[in-house]
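Take a look at the structure below.
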Amino acid sequence: MSTGTSTDLYDVIARRRDTRAEFSGEPVEPAVLERVLGAAHAAPSVGLSQPWDFVLVRDPATLDAFADHVAGERASYAATLEREQPERAGTFAPIKVEGVRESGLGVVVTYDPERGGPHVLGRHTVDDAGLWSSVLAVQNLWLAATAEGLGVGWVSFYREEFLHDLVGLPARVRPVAWLCLGALTHLPEVPDLVRHGWRERRPLADAVHHERWGA
Ligand SMILES: Cc1cc2nc3c(=O)[nH]c(=O)nc-3n(C[C@H](O)[C@H](O)[C@H](O)COP(=O)(O)O)c2cc1C
């Protein structure tokens with residue numbers, strides 16, 4: 001199976017997957033990484049604030065420390081399921097939630113609320129618009145990586161303070177995502193959570209409303 005490369009936007013959107021178990025460990029070529037980060041950096045942002053930064057983590061000691069922390073949080077979630085939703089605990093058990101060590105590269109995407117000055121155009125009434133801008137950088141990165149035949153796995157099983165300190169962020173800067181980024185052995189066609197029977201995708205028709213919610 002191949003990981004495929006394509007620059008057709010709809011095809012890339014359809015092929016994009018969250019990857020965890022498929023990293024080959026091959027390093028990402030610097031020129032490819034530069035293109036992928038360039039795509040992330042081209043994202044729209046409220047008031048052109050560009051509130052994101054990208055911390056590239058390759059040090060095995062840091063990858064180990066983060067993977068250990070994630071393992072602890074995964075265990076804590078599993079224990080919550082055992083207590084409060086035991087019928088789901090067995091379904092969750094085989095699901096891998098990260099490929100931190102295997103990918104060999106973590107991209108920590110951050111949000112700086114002070115970027116763009118005190119009165120960011122467009123964030124006056126909706127403060128969250130700042131955070132959303134960093135998330136758009138994540139999506140651009142994810143799609144560009146897919147177009148390059150690379151995999152991305154978003155890891156959110158962490159305590160923000162832990163990741164904040166692990167990569168030395170300034171006090172005001174929030175970590176938004178740890179993205180495992182790397183070459184793949186193959187790109188799965190079906191989302192892992194569907195494959196494991198955790199959840200199904202909902203039909204588009206259920207998500208579209210006309211004029212008012214529910215119509
Ligand atoms: C905000 C966010 C956080 C996520 N956190 C995790 C995570 O901690 N571990 C994981 O394995 N997948 C994580 N995912 C991936 C989702 O499980 C995945 O996107 C979803 O199941 C749909 O699969 P697909 O991305 O392959 O279409 C996260 C995705 C998003 C958008």
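Letters for chains follow the order of the structure tokens (A, B, ...), residue numbers begin at 1 for each chain, and ligand numbers begin at 1 in the order shown.
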
**Asked** Quick one: residues within 10 Å of ligand 1, with only C-alpha atoms and all ligand atoms, as number ranges by chain?
**Response** A: 13-21, 70, 73-74, 95-99, 135, 138-139, 142, 152-158, 176-179, 187-195, 198-201

Per-residue nearest contacts of region 66-150 of chain A to region 41-44 of chain A (7 Å; only C-alpha atoms) as a tab-separated table:
```
residue	atom	partner	partner_atom	distance
A:Ser133	CA	A:Pro44	CA	6.6
A:Leu136	CA	A:Ala43	CA	5.9
A:Ala137	CA	A:Ala43	CA	5.1
A:Asn140	CA	A:Ala43	CA	6.4
```

Could you dump the residues just selected with C-alpha atoms as a short mmCIF file (atom, residue, chain, number, x, y, z; two decimals), in the first residue's frame?
```
data_model
loop_
_atom_site.label_atom_id
_atom_site.label_comp_id
_atom_site.auth_asym_id
_atom_site.auth_seq_id
_atom_site.Cartn_x
_atom_site.Cartn_y
_atom_site.Cartn_z
CA SER A 133 -6.86 30.97 14.23
CA LEU A 136 -6.74 26.76 11.32
CA ALA A 137 -2.95 26.58 11.13
CA ASN A 140 -3.58 23.68 6.92
#
```

**Request:** Identify all residues of region 61-133 of chain A in strand (DSSP E or B) (DSSP on the backbone) and supply them as JSON, numbers by chain.
**Result:** {"A": [106, 107, 108, 109, 110, 111]}

**Residues flagged helix (DSSP H, G or I) by DSSP in region 32-142 of chain A, as a PyMOL selection string** = chain A and resi 32-41+46-48+60-84+86-92+100-103+128-142

Output C-alpha atoms of each residue in that selection to a file, as a JSON list (two decimals), in the first residue's frame.
```json
[["chain", "number", "residue", "atom", "x", "y", "z"],
["A", 32, "VAL", "CA", 9.07, 19.04, 2.68],
["A", 33, "LEU", "CA", 8.82, 20.15, 6.30],
["A", 34, "GLU", "CA", 9.36, 23.73, 5.19],
["A", 35, "ARG", "CA", 6.48, 23.46, 2.69],
["A", 36, "VAL", "CA", 4.16, 21.93, 5.28],
["A", 37, "LEU", "CA", 5.00, 24.59, 7.86],
["A", 38, "GLY", "CA", 4.62, 27.24, 5.14],
["A", 39, "ALA", "CA", 1.08, 25.97, 4.50],
["A", 40, "ALA", "CA", 0.31, 26.17, 8.22],
["A", 41, "HIS", "CA", 1.72, 29.68, 8.37],
["A", 46, "VAL", "CA", -8.34, 37.06, 13.13],
["A", 47, "GLY", "CA", -7.03, 40.59, 12.48],
["A", 48, "LEU", "CA", -4.06, 38.96, 10.68],
["A", 60, "PRO", "CA", 14.22, 11.48, 22.15],
["A", 61, "ALA", "CA", 14.27, 12.46, 25.83],
["A", 62, "THR", "CA", 11.49, 15.00, 25.26],
["A", 63, "LEU", "CA", 9.50, 12.59, 23.09],
["A", 64, "ASP", "CA", 9.85, 9.95, 25.84],
["A", 65, "ALA", "CA", 8.76, 12.37, 28.55],
["A", 66, "PHE", "CA", 5.70, 13.43, 26.56],
["A", 67, "ALA", "CA", 4.79, 9.85, 25.58],
["A", 68, "ASP", "CA", 5.00, 8.79, 29.25],
["A", 69, "HIS", "CA", 2.77, 11.67, 30.29],
["A", 70, "VAL", "CA", 0.24, 10.78, 27.56],
["A", 71, "ALA", "CA", 0.28, 7.14, 28.69],
["A", 72, "GLY", "CA", -0.63, 8.31, 32.20],
["A", 73, "GLU", "CA", -3.52, 10.44, 30.93],
["A", 74, "ARG", "CA", -4.74, 7.60, 28.71],
["A", 75, "ALA", "CA", -4.76, 5.31, 31.76],
["A", 76, "SER", "CA", -6.66, 7.93, 33.73],
["A", 77, "TYR", "CA", -9.30, 8.19, 30.97],
["A", 78, "ALA", "CA", -9.55, 4.40, 30.79],
["A", 79, "ALA", "CA", -10.12, 4.29, 34.56],
["A", 80, "THR", "CA", -12.89, 6.89, 34.24],
["A", 81, "LEU", "CA", -14.58, 4.75, 31.60],
["A", 82, "GLU", "CA", -14.27, 1.64, 33.81],
["A", 83, "ARG", "CA", -16.01, 3.52, 36.62],
["A", 84, "GLU", "CA", -18.61, 5.50, 34.72],
["A", 86, "PRO", "CA", -17.91, 0.26, 31.73],
["A", 87, "GLU", "CA", -19.57, -0.88, 28.51],
["A", 88, "ARG", "CA", -17.24, 1.51, 26.61],
["A", 89, "ALA", "CA", -14.04, 0.53, 28.42],
["A", 90, "GLY", "CA", -13.58, -2.65, 26.40],
["A", 91, "THR", "CA", -14.07, -0.79, 23.11],
["A", 92, "PHE", "CA", -11.50, 1.82, 24.14],
["A", 100, "VAL", "CA", 4.79, 10.26, 19.72],
["A", 101, "ARG", "CA", 7.96, 8.16, 19.68],
["A", 102, "GLU", "CA", 7.26, 6.38, 16.39],
["A", 103, "SER", "CA", 6.77, 9.57, 14.35],
["A", 128, "ASP", "CA", -12.06, 32.67, 21.07],
["A", 129, "ALA", "CA", -11.43, 33.82, 17.49],
["A", 130, "GLY", "CA", -7.76, 34.04, 18.46],
["A", 131, "LEU", "CA", -7.56, 30.39, 19.47],
["A", 132, "TRP", "CA", -9.53, 29.34, 16.38],
["A", 133, "SER", "CA", -6.86, 30.97, 14.23],
["A", 134, "SER", "CA", -4.18, 28.64, 15.63],
["A", 135, "VAL", "CA", -6.49, 25.69, 14.97],
["A", 136, "LEU", "CA", -6.74, 26.76, 11.32],
["A", 137, "ALA", "CA", -2.95, 26.58, 11.13],
["A", 138, "VAL", "CA", -3.25, 23.00, 12.37],
["A", 139, "GLN", "CA", -5.76, 22.14, 9.65],
["A", 140, "ASN", "CA", -3.58, 23.68, 6.92],
["A", 141, "LEU", "CA", -0.60, 21.72, 8.22],
["A", 142, "TRP", "CA", -2.63, 18.50, 8.29]]
```

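For the residues A:Leu166, A:Leu105, A:Ala144, A:Ala215, ranking by smallest atom-to-atom distance to Val12 (chain A) using only C-alpha atoms places A:Ala144 first.
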